[in-house]
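K.L.:
Provided herewith: my_file-v6.csv, CSV, C-alpha atoms.
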chain,number,residue,atom,x,y,z
Z,1462,MET,CA,0.0,0.0,0.0
Z,1463,THR,CA,1.3,3.4,-1.0
Z,1464,THR,CA,2.1,5.7,1.9
Z,1465,PHE,CA,2.5,9.5,1.3
Z,1466,THR,CA,4.2,12.2,3.3
Z,1467,THR,CA,3.0,15.8,3.4
Z,1468,GLN,CA,5.7,18.1,1.9
Z,1469,ASP,CA,6.1,21.9,2.0
Z,1470,LEU,CA,7.4,23.3,-1.2
Z,1471,TYR,CA,9.0,26.6,-2.0
Z,1472,GLY,CA,9.3,27.6,1.7
Z,1473,GLY,CA,5.8,26.5,2.5
Z,1474,ALA,CA,4.1,28.5,-0.3
Z,1475,ILE,CA,2.8,25.2,-1.8
Z,1476,LYS,CA,1.8,22.1,0.1
Z,1477,ALA,CA,2.0,18.7,-1.6
Z,1478,ILE,CA,2.6,15.0,-1.0
Z,1479,ILE,CA,5.5,12.8,-1.9
Z,1480,PRO,CA,6.1,9.1,-1.5
Z,1481,GLU,CA,7.3,8.2,2.0
Z,1482,ARG,CA,11.1,8.1,2.5
Z,1483,TRP,CA,11.8,9.8,-0.8
Z,1484,LEU,CA,14.9,12.0,-0.8
Z,1485,ASP,CA,15.0,15.8,-1.2
Z,1486,ALA,CA,17.5,16.3,-4.0
Z,1487,SER,CA,18.3,19.8,-2.8
Z,1488,GLU,CA,20.1,18.2,0.2
Z,1489,LEU,CA,22.4,16.4,-2.3
Z,1490,ARG,CA,23.0,19.0,-5.0
Z,1491,GLN,CA,21.9,22.4,-6.3
Z,1492,ILE,CA,18.5,22.5,-7.8
Z,1493,PRO,CA,17.1,25.4,-9.9
Z,1494,ASP,CA,15.0,27.9,-7.9
Z,1495,HIS,CA,11.9,27.2,-9.9
Z,1496,GLN,CA,12.0,23.4,-9.2
Z,1497,GLU,CA,11.7,21.0,-6.3
Z,1498,LEU,CA,13.1,17.5,-7.0
Z,1499,PHE,CA,12.6,14.3,-5.0
Z,1500,LEU,CA,14.3,11.0,-5.6
Z,1501,SER,CA,13.3,7.4,-5.0
Z,1502,PRO,CA,15.7,5.7,-2.5
Z,1503,THR,CA,15.3,2.4,-4.3
Z,1504,THR,CA,14.7,3.1,-8.0
Z,1505,LEU,CA,15.7,5.6,-10.7
Z,1506,SER,CA,12.3,7.3,-10.5
Z,1507,ASN,CA,12.0,11.0,-9.6
Z,1508,LEU,CA,9.3,13.5,-8.8
Z,1509,ILE,CA,9.6,17.1,-10.0
Z,1510,PHE,CA,7.6,20.2,-9.1
Z,1511,GLU,CA,8.1,23.1,-11.4
Z,1512,ILE,CA,6.9,26.7,-11.7
Z,1513,ASN,CA,6.9,28.2,-15.2
Z,1514,GLU,CA,5.5,31.2,-17.0
Z,1515,ARG,CA,2.0,30.5,-18.2
Z,1516,VAL,CA,2.0,29.4,-21.8
Z,1517,SER,CA,-0.2,31.8,-23.8
Z,1518,GLU,CA,-2.8,30.7,-26.4
Z,1519,GLN,CA,-0.6,32.1,-29.2
Z,1520,VAL,CA,2.5,30.3,-28.1
Z,1521,ALA,CA,0.7,27.0,-27.4
Z,1522,LEU,CA,-1.0,26.9,-30.8
Z,1523,SER,CA,2.0,28.2,-32.7
Z,1524,ALA,CA,4.1,25.4,-31.2
Z,1525,LEU,CA,1.6,22.8,-32.4
Z,1526,GLN,CA,1.9,24.2,-36.0
Z,1527,ALA,CA,5.7,24.2,-35.8
Z,1528,ASN,CA,6.0,20.7,-34.4
Z,1529,PRO,CA,3.3,18.5,-36.0
Z,1530,ASN,CA,2.8,15.2,-34.2
Z,1531,PRO,CA,0.5,12.3,-35.2
Z,1532,ASP,CA,-1.0,12.2,-31.8
Z,1533,VAL,CA,-2.0,15.9,-31.8
Z,1534,LEU,CA,-5.6,15.6,-33.0
Z,1535,GLU,CA,-6.4,12.9,-30.4
Z,1536,PHE,CA,-4.5,14.8,-27.8
Z,1537,LEU,CA,-6.3,18.1,-28.3
Z,1538,GLY,CA,-9.8,17.0,-29.0
Z,1539,SER,CA,-12.2,20.0,-29.3
Z,1540,GLY,CA,-13.9,22.5,-27.2
Z,1541,PRO,CA,-12.9,25.2,-24.7
Z,1542,GLN,CA,-10.1,23.1,-23.2
Z,1543,THR,CA,-8.1,22.9,-26.5
Z,1544,VAL,CA,-5.7,25.7,-25.5
Z,1545,ASP,CA,-5.0,24.2,-22.1
Z,1546,LYS,CA,-4.3,20.9,-23.7
Z,1547,ALA,CA,-2.0,22.5,-26.3
Z,1548,ALA,CA,-0.2,24.1,-23.3
Z,1549,ALA,CA,0.3,20.7,-21.8
Z,1550,LEU,CA,1.8,19.4,-25.0
Z,1551,TYR,CA,4.1,22.5,-25.1
Z,1552,HIS,CA,5.4,21.7,-21.7
Z,1553,LEU,CA,5.9,18.0,-22.6
Z,1554,ASN,CA,7.8,18.9,-25.7
Z,1555,ASP,CA,9.9,21.3,-23.6
Z,1556,ILE,CA,11.4,18.5,-21.6
Z,1557,ARG,CA,12.4,16.5,-24.7
Z,1558,ASP,CA,16.0,16.7,-25.8
Z,1559,GLY,CA,15.3,18.2,-29.2
Z,1560,ASP,CA,15.0,15.9,-32.1
Z,1561,ALA,CA,16.8,13.1,-30.3
Z,1562,ASP,CA,13.7,12.3,-28.2
Z,1563,THR,CA,10.3,11.3,-29.5
Z,1564,LEU,CA,7.1,12.0,-27.5
Z,1565,ARG,CA,4.3,9.5,-27.4
Z,1566,ILE,CA,1.0,10.5,-25.9
Z,1567,VAL,CA,-0.3,7.5,-23.8
Z,1568,THR,CA,-3.2,9.2,-22.1
Z,1569,PRO,CA,-4.3,12.6,-23.4
Z,1570,PRO,CA,-4.7,15.3,-20.7
Z,1571,GLN,CA,-8.0,15.2,-19.0
Z,1572,GLN,CA,-9.4,18.0,-16.8
Z,1573,VAL,CA,-9.7,17.1,-13.2
Z,1574,PRO,CA,-11.3,18.9,-10.2
Z,1575,ALA,CA,-8.4,19.9,-7.9
Z,1576,GLN,CA,-10.1,20.1,-4.5
Z,1577,LYS,CA,-7.8,22.7,-3.0
Z,1578,ILE,CA,-7.2,24.9,-6.1
Z,1579,PRO,CA,-10.8,25.3,-7.3
Z,1580,ARG,CA,-10.1,28.4,-9.4
Z,1581,ALA,CA,-7.5,26.7,-11.6
Z,1582,ASN,CA,-7.8,24.6,-14.7
Z,1583,VAL,CA,-6.0,21.4,-13.8
Z,1584,TYR,CA,-5.1,18.5,-16.1
Z,1585,LYS,CA,-3.5,15.1,-15.7
Z,1586,GLY,CA,-2.1,12.7,-18.3
Z,1587,LEU,CA,0.6,10.2,-19.2
Z,1588,ALA,CA,3.2,10.4,-21.9
Z,1589,GLN,CA,6.3,8.4,-22.9
Z,1590,ILE,CA,9.6,9.9,-24.1
Z,1591,ASN,CA,11.8,7.6,-26.2
Z,1592,SER,CA,15.3,8.2,-27.3
Z,1593,SER,CA,17.6,6.2,-29.5
Z,1594,THR,CA,21.0,6.0,-27.9
Z,1595,ALA,CA,22.4,5.3,-31.3
Z,1596,LEU,CA,21.4,8.8,-32.4
Z,1597,ARG,CA,22.6,10.3,-29.1
Z,1598,SER,CA,26.0,8.6,-28.7
Z,1599,GLY,CA,24.9,6.8,-25.6
Z,1600,ILE,CA,23.7,9.9,-23.7
Z,1601,ALA,CA,20.6,9.1,-21.6
Z,1602,PRO,CA,17.5,11.4,-21.6
Z,1603,SER,CA,17.8,14.4,-19.4
Z,1604,ILE,CA,14.8,13.2,-17.3
Z,1605,GLY,CA,16.5,10.0,-16.3
Z,1606,GLY,CA,16.0,7.3,-18.9
Z,1607,ALA,CA,18.5,4.9,-20.3
Z,1608,ALA,CA,18.7,2.0,-22.7
Z,1609,ALA,CA,15.5,-0.1,-22.6
Z,1610,GLY,CA,15.4,-2.3,-25.7
Z,1611,SER,CA,16.3,-2.6,-29.4
Z,1612,SER,CA,14.9,-0.3,-32.1
Z,1613,ALA,CA,14.2,-1.5,-35.6
Z,1614,ASP,CA,17.6,-0.4,-36.8
Z,1615,GLY,CA,19.5,-2.1,-34.0
Z,1616,GLY,CA,20.1,1.0,-31.8
Z,1617,LEU,CA,19.1,0.9,-28.2
Z,1618,VAL,CA,16.0,2.7,-27.2
Z,1619,SER,CA,15.6,4.6,-23.9
Z,1620,SER,CA,12.1,5.0,-22.5
Z,1621,VAL,CA,10.7,7.1,-19.7
Z,1622,SER,CA,7.1,7.2,-18.6
Z,1623,VAL,CA,6.0,10.8,-17.7
Z,1624,HIS,CA,3.0,11.0,-15.4
Z,1625,TYR,CA,2.1,14.7,-15.2
Z,1626,LEU,CA,-0.2,17.3,-13.6
Z,1627,LEU,CA,-0.6,20.8,-15.1
Z,1628,VAL,CA,-2.1,23.5,-12.9
Z,1629,ARG,CA,-3.0,26.7,-15.0
Z,1630,LEU,CA,-3.2,29.8,-12.9
Z,1631,GLU,CA,-4.5,32.5,-15.1
Z,1632,GLU,CA,-4.5,35.4,-12.6
Z,1633,GLN,CA,-0.9,34.7,-11.6
Z,1634,GLU,CA,0.2,34.1,-15.3
Z,1635,THR,CA,1.8,30.8,-14.1
Z,1636,ASP,CA,1.8,27.1,-14.9
Z,1637,VAL,CA,2.6,24.8,-12.1
Z,1638,LEU,CA,3.8,21.4,-13.3
Z,1639,VAL,CA,4.3,18.1,-11.7
Z,1640,PHE,CA,6.3,15.3,-13.4
Z,1641,PHE,CA,6.6,11.8,-12.0
Z,1642,ASN,CA,9.3,10.2,-14.2
Z,1643,VAL,CA,9.7,6.4,-14.4
Z,1644,PRO,CA,12.8,5.3,-16.4
Z,1645,HIS,CA,12.3,1.8,-17.7
Z,1646,LYS,CA,16.0,0.9,-17.7
Z,1647,GLU,CA,16.4,-0.9,-14.5
Z,1648,PHE,CA,13.2,-2.9,-14.9
Z,1649,ASP,CA,13.9,-3.9,-18.5
Z,1650,GLU,CA,17.5,-4.9,-17.6
Z,1651,LYS,CA,16.3,-7.2,-14.8
Z,1652,GLY,CA,13.3,-8.5,-16.8
Z,1653,ASP,CA,11.0,-7.2,-14.1
Z,1654,PRO,CA,7.7,-6.1,-15.7
Z,1655,THR,CA,6.0,-6.5,-12.4
Z,1656,GLY,CA,8.3,-4.0,-10.8
Z,1657,LEU,CA,7.7,-1.6,-13.6
Z,1658,SER,CA,4.0,-2.0,-13.2
Z,1659,ARG,CA,4.3,-1.3,-9.4
Z,1660,GLU,CA,6.3,1.9,-10.1
Z,1661,GLU,CA,3.8,3.1,-12.7
Z,1662,GLU,CA,1.0,2.4,-10.1
Z,1663,LEU,CA,2.9,4.5,-7.6
Z,1664,ALA,CA,3.2,7.4,-10.1
Z,1665,THR,CA,-0.5,7.2,-10.8
Z,1666,ALA,CA,-1.3,7.2,-7.1
Z,1667,ILE,CA,0.8,10.3,-6.4
Z,1668,ILE,CA,-0.7,12.3,-9.3
Z,1669,ASP,CA,-4.2,11.3,-8.2
Z,1670,GLY,CA,-3.3,12.2,-4.6
Z,1671,LEU,CA,-2.0,15.6,-5.7
Z,1672,VAL,CA,-5.3,16.3,-7.4
Z,1673,GLU,CA,-6.9,16.0,-4.0
Z,1674,ARG,CA,-4.2,17.5,-1.8
Z,1675,LEU,CA,-2.0,20.0,-3.8
Z,1676,GLU,CA,-2.6,23.4,-2.2
Z,1677,ILE,CA,-1.3,26.9,-3.0
Z,1678,VAL,CA,-0.9,28.7,0.3
Z,1679,ASP,CA,0.8,31.9,-0.8
Z,1680,CYS,CA,0.3,33.3,-4.3
Z,1681,GLY,CA,3.0,35.8,-3.6
Z,1682,LEU,CA,5.4,33.0,-4.7
Z,1683,PHE,CA,4.4,33.8,-8.3
Z,1684,GLY,CA,5.3,37.6,-8.1
Z,1685,GLY,CA,3.2,40.3,-9.6
Represent the supplied structure as structure tokens.
P.N.:
Amino acid sequence: MTTFTTQDLYGGAIKAIIPERWLDASELRQIPDHQELFLSPTTLSNLIFEINERVSEQVALSALQANPNPDVLEFLGSGPQTVDKAAALYHLNDIRDGDADTLRIVTPPQQVPAQKIPRANVYKGLAQINSSTALRSGIAPSIGGAAAGSSADGGLVSSVSVHYLLVRLEEQETDVLVFFNVPHKEFDEKGDPTGLSREEELATAIIDGLVERLEIVDCGLFGG
């Protein structure tokens, strides 16, 4: 059974949850001011909280036109949520390592009712970032992946599952993002699909728990 720990972020301006016994990476190395990073003590998974400038409608839609993706139509759907979903796609593309990484939408973003942030538009979803180490000279993806299997041309492919939550704060002109990253490397190398499934379940549980418990205590964090 998954056990969570309440965690203050950004000096207490945001309250969240993390898996019990996970490590605060800021105690190990320097972390950018706009991020909070937590590490699993037993796997390569990590949990990132990130504050970014709110992606505007123009930027989100322009990025879609500049970077066509076969999953885009399914990803966006239709209706008033289209711009928010485009913003989610923009943020996902932003964590790719350029053309070396490919983004696959596993679960398109769905709007969810964040209980403690009722005035925000909040979305959750699941994506997968894949990278050919043959193309990248053996460099692992920046979010923690590594060689996971063989591609059609014989190169090794690195895969990372990205479970995410996007909180859009219009008045504060801010997007708050949560990424729970599950690199497949260690599970694939050990032939442990059950372990990978458990890790994916943990990621899902954390994102669902944050929908209920993520709270913005001090909007002064966002300036303006």
K.L.:
Work out how far CA of Asn1591 (chain Z) is from CA of Phe1640 (chain Z), in Å to one decimal.
P.N.:
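We find that CA of Phe1640 (chain Z) and CA of Asn1591 (chain Z) lie 15.9 Å from each other.
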K.L.:
From the options Z:Ile1509, Z:Ile1667, Z:Arg1580, Z:Thr1563, which residue's atoms come nearest to Ser1619 (chain Z), counting all atoms listed in the file?
P.N.:
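Of all the options, Z:Thr1563 lies closest to Ser1619 (chain Z).
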K.L.:
By how many Å are CA of Val1618 (chain Z) and CA of Lys1585 (chain Z) apart?
P.N.:
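Between CA of Val1618 (chain Z) and CA of Lys1585 (chain Z) the gap works out to 25.8 Å.
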K.L.:
One decimal, Å: what's the distance from CA of Lys1546 (chain Z) over to CA of Val1583 (chain Z), could you say?
P.N.:
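These atoms are spaced 10.1 Å apart.
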K.L.:
Do a neighbour search on Thr1568 (chain Z) at 7 Å with all atoms listed in the file, toss out local chain neighbours closer than 4 positions, and write the hits as number ranges by chain.
P.N.:
Z: 1586-1588
K.L.:
Within 9 Å of Glu1661 (chain Z), counting only C-alpha atoms, which residues qualify if same-chain residues fewer than 6 places away don't, as a list in words?
P.N.:
Ser1622, His1624 and Val1643 of chain Z
K.L.:
Hey, could you make a per-residue contact list for region 1492-1595 of chain Z against region 1464-1469 of chain Z with 12 Å as the cut-off, showing the nearest pair of atoms and its distance in Å to one decimal, counting all atoms listed in the file, sorted by chain and number, as a tab-separated table?
P.N.:
residue	atom	partner	partner_atom	distance
Z:Glu1497	CA	Z:Asp1469	CA	10.1
Z:Leu1498	CA	Z:Gln1468	CA	11.6
Z:Phe1499	CA	Z:Gln1468	CA	10.5
Z:Phe1510	CA	Z:Asp1469	CA	11.3
